[in-house]
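K.L.:
Shown below is the structure under consideration.
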Amino acid sequence: MRGDACILVDDQDHVTGSASKLDCHRFTDKQPSGLLHRAFSVFLFNSQNELLLQQRASHKITFPNMWTNTCCSHQLHDQQPPEVDLEADVSEGSVMGAKQAAIRKLGHELGIPAKQLPLAAFKYLTRLHYCAADESTRDASGAWGEHEMDFILLAKCDVDVQPNPEEVAAVTYVDADGLRSMMQPASMHTWSPWFRKIVDNMLDGWWSDLDRTLSDEVKHDQTIHRL
């Protein structure tokens, strides 16, 4: 966690510097909300409009064993190709840095070949600013958690998936009804806080007319949603 340099931003998503993953995700008395940094969340659908979900591995430092969207991770400094999007990139909606990071992590976590998900396959929709401590990790020194400026990326493509057991415990495709069933308390599944926020506030609107959402008719949203 010390080797990767996350991209620090202010609450308007202006880049302010960098810090290690460890420092970004540690919630302490002096740093009760960690450090706000950029992240991305990929929602990958197949040709049947089913969403690919993953269950996070049991040894993940934050939110282990929880189900979540296809892939959620971080853009990093000092990557090639670069993953730092400038203000103009975000305003235009190109966000090539976030998309490059998504391709990198989809390969790392899910074994999806980069050739199956080129940059053009991703649609950038909006940003979500949220903060969530993982209370199961809290001790006298603090807790682990997430404080993120989350770039939302959607794609629709049939891909080959070979999960990395170091990152992912399980995967499944679901339709909208299947997701609602999985999220019922009786299912006993637990869910990442960012995914719950997106489901509660945004996902139905995108998924109900997915082809339109992915078309040029729908433009990216300049609003930073605070949830």
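The chains in the structure tokens are called A, B, ... from first to last as shown; in each chain the residues are counted from 1, and the ligands are counted from 1 in the order shown.
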Skip region 109-116 of chain A itself and residues of its chain fewer than 2 positions away, then list as a PyMOL selection string all residues within 10 Å of it, counting only C-alpha atoms.
P.N.:
chain A and resi 54+56+70-73+100+102-107+118-119+121+157-168+170-171
K.L.:
Go ahead and dump the residues you just picked, N, CA and C atoms, as a PDB file, in the first residue's frame.
P.N.:
```pdb
ATOM      1  N   GLN A  54     -18.687  -8.299  -8.467  1.00  0.00           N
ATOM      2  CA  GLN A  54     -17.631  -9.070  -7.831  1.00  0.00           C
ATOM      3  C   GLN A  54     -17.786  -9.030  -6.313  1.00  0.00           C
ATOM      4  N   ARG A  56     -15.485  -8.923  -3.057  1.00  0.00           N
ATOM      5  CA  ARG A  56     -14.112  -8.611  -2.705  1.00  0.00           C
ATOM      6  C   ARG A  56     -13.489  -9.748  -1.891  1.00  0.00           C
ATOM      7  N   THR A  70     -18.510  -4.036 -10.762  1.00  0.00           N
ATOM      8  CA  THR A  70     -17.531  -4.839 -11.498  1.00  0.00           C
ATOM      9  C   THR A  70     -16.105  -4.625 -11.022  1.00  0.00           C
ATOM     10  N   CYS A  71     -15.718  -3.379 -10.880  1.00  0.00           N
ATOM     11  CA  CYS A  71     -14.348  -3.057 -10.472  1.00  0.00           C
ATOM     12  C   CYS A  71     -14.338  -1.664  -9.870  1.00  0.00           C
ATOM     13  N   CYS A  72     -13.665  -1.518  -8.754  1.00  0.00           N
ATOM     14  CA  CYS A  72     -13.527  -0.218  -8.106  1.00  0.00           C
ATOM     15  C   CYS A  72     -12.104  -0.119  -7.563  1.00  0.00           C
ATOM     16  N   SER A  73     -11.392   0.898  -8.031  1.00  0.00           N
ATOM     17  CA  SER A  73     -10.000   1.034  -7.615  1.00  0.00           C
ATOM     18  C   SER A  73      -9.575   2.487  -7.804  1.00  0.00           C
ATOM     19  N   GLN A 100      -7.773   4.512 -18.528  1.00  0.00           N
ATOM     20  CA  GLN A 100      -6.556   3.694 -18.533  1.00  0.00           C
ATOM     21  C   GLN A 100      -6.421   2.922 -17.225  1.00  0.00           C
ATOM     22  N   ALA A 102      -8.874   1.974 -15.351  1.00  0.00           N
ATOM     23  CA  ALA A 102      -9.901   0.925 -15.373  1.00  0.00           C
ATOM     24  C   ALA A 102      -9.429  -0.288 -16.169  1.00  0.00           C
ATOM     25  N   ILE A 103      -8.824  -0.056 -17.320  1.00  0.00           N
ATOM     26  CA  ILE A 103      -8.310  -1.170 -18.125  1.00  0.00           C
ATOM     27  C   ILE A 103      -7.247  -1.939 -17.345  1.00  0.00           C
ATOM     28  N   ARG A 104      -6.354  -1.201 -16.688  1.00  0.00           N
ATOM     29  CA  ARG A 104      -5.287  -1.841 -15.904  1.00  0.00           C
ATOM     30  C   ARG A 104      -5.862  -2.725 -14.807  1.00  0.00           C
ATOM     31  N   LYS A 105      -6.834  -2.209 -14.059  1.00  0.00           N
ATOM     32  CA  LYS A 105      -7.356  -2.960 -12.915  1.00  0.00           C
ATOM     33  C   LYS A 105      -8.335  -4.056 -13.331  1.00  0.00           C
ATOM     34  N   LEU A 106      -9.065  -3.878 -14.408  1.00  0.00           N
ATOM     35  CA  LEU A 106      -9.921  -4.964 -14.896  1.00  0.00           C
ATOM     36  C   LEU A 106      -9.074  -6.165 -15.302  1.00  0.00           C
ATOM     37  N   GLY A 107      -7.892  -5.890 -15.824  1.00  0.00           N
ATOM     38  CA  GLY A 107      -6.974  -6.978 -16.121  1.00  0.00           C
ATOM     39  C   GLY A 107      -6.416  -7.615 -14.864  1.00  0.00           C
ATOM     40  N   PRO A 118     -11.322  -1.740 -25.057  1.00  0.00           N
ATOM     41  CA  PRO A 118     -10.526  -0.567 -25.428  1.00  0.00           C
ATOM     42  C   PRO A 118     -11.079   0.698 -24.783  1.00  0.00           C
ATOM     43  N   LEU A 119     -10.323   1.769 -24.851  1.00  0.00           N
ATOM     44  CA  LEU A 119     -10.745   3.035 -24.253  1.00  0.00           C
ATOM     45  C   LEU A 119     -12.127   3.454 -24.736  1.00  0.00           C
ATOM     46  N   ALA A 121     -14.640   1.819 -25.355  1.00  0.00           N
ATOM     47  CA  ALA A 121     -15.756   1.045 -24.803  1.00  0.00           C
ATOM     48  C   ALA A 121     -16.353   1.695 -23.564  1.00  0.00           C
ATOM     49  N   CYS A 157     -20.133  -4.959 -23.016  1.00  0.00           N
ATOM     50  CA  CYS A 157     -19.282  -5.795 -23.850  1.00  0.00           C
ATOM     51  C   CYS A 157     -19.250  -7.203 -23.275  1.00  0.00           C
ATOM     52  N   ASP A 158     -19.211  -8.197 -24.118  1.00  0.00           N
ATOM     53  CA  ASP A 158     -19.002  -9.575 -23.667  1.00  0.00           C
ATOM     54  C   ASP A 158     -17.497  -9.824 -23.562  1.00  0.00           C
ATOM     55  N   VAL A 159     -17.055 -10.239 -22.389  1.00  0.00           N
ATOM     56  CA  VAL A 159     -15.622 -10.380 -22.127  1.00  0.00           C
ATOM     57  C   VAL A 159     -15.326 -11.738 -21.494  1.00  0.00           C
ATOM     58  N   ASP A 160     -14.063 -12.112 -21.530  1.00  0.00           N
ATOM     59  CA  ASP A 160     -13.583 -13.290 -20.812  1.00  0.00           C
ATOM     60  C   ASP A 160     -13.155 -12.858 -19.415  1.00  0.00           C
ATOM     61  N   VAL A 161     -13.620 -13.575 -18.404  1.00  0.00           N
ATOM     62  CA  VAL A 161     -13.336 -13.218 -17.011  1.00  0.00           C
ATOM     63  C   VAL A 161     -12.598 -14.365 -16.338  1.00  0.00           C
ATOM     64  N   GLN A 162     -11.440 -14.047 -15.773  1.00  0.00           N
ATOM     65  CA  GLN A 162     -10.657 -15.005 -14.993  1.00  0.00           C
ATOM     66  C   GLN A 162     -10.228 -14.311 -13.706  1.00  0.00           C
ATOM     67  N   PRO A 163     -11.059 -14.373 -12.658  1.00  0.00           N
ATOM     68  CA  PRO A 163     -10.790 -13.606 -11.441  1.00  0.00           C
ATOM     69  C   PRO A 163      -9.451 -13.963 -10.796  1.00  0.00           C
ATOM     70  N   ASN A 164      -8.800 -12.938 -10.278  1.00  0.00           N
ATOM     71  CA  ASN A 164      -7.571 -13.087  -9.507  1.00  0.00           C
ATOM     72  C   ASN A 164      -7.962 -13.353  -8.055  1.00  0.00           C
ATOM     73  N   PRO A 165      -7.675 -14.531  -7.491  1.00  0.00           N
ATOM     74  CA  PRO A 165      -8.125 -14.851  -6.132  1.00  0.00           C
ATOM     75  C   PRO A 165      -7.513 -13.961  -5.059  1.00  0.00           C
ATOM     76  N   GLU A 166      -6.430 -13.269  -5.387  1.00  0.00           N
ATOM     77  CA  GLU A 166      -5.860 -12.317  -4.434  1.00  0.00           C
ATOM     78  C   GLU A 166      -6.751 -11.086  -4.283  1.00  0.00           C
ATOM     79  N   GLU A 167      -7.600 -10.842  -5.259  1.00  0.00           N
ATOM     80  CA  GLU A 167      -8.437  -9.643  -5.276  1.00  0.00           C
ATOM     81  C   GLU A 167      -9.925  -9.943  -5.167  1.00  0.00           C
ATOM     82  N   VAL A 168     -10.352 -11.071  -5.720  1.00  0.00           N
ATOM     83  CA  VAL A 168     -11.779 -11.332  -5.923  1.00  0.00           C
ATOM     84  C   VAL A 168     -12.133 -12.727  -5.422  1.00  0.00           C
ATOM     85  N   ALA A 170     -15.464 -13.995  -5.706  1.00  0.00           N
ATOM     86  CA  ALA A 170     -16.486 -14.572  -6.580  1.00  0.00           C
ATOM     87  C   ALA A 170     -16.978 -13.501  -7.543  1.00  0.00           C
ATOM     88  N   VAL A 171     -17.589 -13.937  -8.635  1.00  0.00           N
ATOM     89  CA  VAL A 171     -18.214 -13.025  -9.586  1.00  0.00           C
ATOM     90  C   VAL A 171     -19.554 -13.609 -10.007  1.00  0.00           C
TER      91      VAL A 171
END
```
K.L.:
Counting only C-alpha atoms, which of A:Lys99, A:His59, A:His74, A:His25 gets nearest to Lys123 (chain A)?
P.N.:
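Using only C-alpha atoms, Lys123 (chain A) sits closest to A:Lys99.
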K.L.:
Write out as a short mmCIF file (atom, residue, chain, number, x, y, z; two decimals) with C-alpha atoms, in the first residue's frame all residues of region 110-227 of chain A that backbone DSSP assigns to strand (DSSP E).
P.N.:
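Heads up, here's the output in result_1.cif:
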```
data_model
loop_
_atom_site.label_atom_id
_atom_site.label_comp_id
_atom_site.auth_asym_id
_atom_site.auth_seq_id
_atom_site.Cartn_x
_atom_site.Cartn_y
_atom_site.Cartn_z
CA LYS A 123 -18.67 5.88 -21.09
CA TYR A 124 -17.85 8.41 -18.37
CA LEU A 125 -21.02 9.60 -16.66
CA THR A 126 -20.35 11.54 -13.46
CA ARG A 127 -18.43 11.86 -10.19
CA LEU A 128 -19.45 10.81 -6.71
CA HIS A 129 -17.88 12.21 -3.52
CA TYR A 130 -18.40 9.95 -0.52
CA CYS A 131 -16.69 8.93 2.71
CA ALA A 132 -17.15 5.64 4.59
CA ALA A 133 -15.22 4.05 7.44
CA ASP A 134 -15.03 0.26 7.65
CA GLU A 135 -16.15 -0.06 11.26
CA SER A 136 -15.21 -3.74 11.36
CA THR A 137 -11.56 -2.64 11.27
CA ARG A 138 -11.77 -0.03 14.03
CA ASP A 139 -9.39 -0.33 16.97
CA GLY A 142 -8.47 4.19 14.23
CA ALA A 143 -10.01 2.39 11.26
CA TRP A 144 -9.60 1.79 7.56
CA GLY A 145 -11.98 3.42 5.12
CA GLU A 146 -12.59 5.17 1.83
CA HIS A 147 -12.83 8.91 1.10
CA GLU A 148 -13.10 9.17 -2.63
CA MET A 149 -13.86 11.33 -5.64
CA ASP A 150 -15.27 8.43 -7.63
CA PHE A 151 -15.40 8.57 -11.45
CA ILE A 152 -18.29 6.45 -12.77
CA LEU A 153 -17.56 4.47 -15.94
CA LEU A 154 -20.03 2.25 -17.82
CA ALA A 155 -19.34 -0.25 -20.58
CA LYS A 156 -21.30 -2.93 -22.44
CA VAL A 168 -11.78 -11.33 -5.92
CA ALA A 169 -13.65 -14.09 -4.07
CA ALA A 170 -16.49 -14.57 -6.58
CA VAL A 171 -18.21 -13.02 -9.59
CA THR A 172 -21.72 -13.20 -11.00
CA TYR A 173 -23.87 -11.55 -13.67
CA VAL A 174 -27.29 -10.24 -12.62
CA ILE A 224 -20.07 16.27 -8.23
CA HIS A 225 -22.69 14.28 -6.34
CA ARG A 226 -22.18 14.36 -2.56
#
```
K.L.:
Quick one: distance from CA of Phe122 (chain A) to CA of Ala176 (chain A) in Å, one decimal?
P.N.:
20.5 Å
K.L.:
I need the helix (DSSP H, G or I) residues of region 13-84 of chain A per DSSP on the backbone, written as a list in words.
P.N.:
Lys21, Leu22, Asp23, Cys24 and His25 of chain A
K.L.:
From the options A:Val95, A:Leu36, A:Leu179, A:Ala186, which residue's atoms come nearest to Ala120 (chain A), counting only C-alpha atoms?
P.N.:
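Of all the options, A:Val95 lies closest to Ala120 (chain A).
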K.L.:
Suppose you want the space between CA of Asn69 (chain A) and CA of Leu8 (chain A); what is it in Å?
P.N.:
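Interatomic distance, CA of Asn69 (chain A) to CA of Leu8 (chain A): 23.0 Å.
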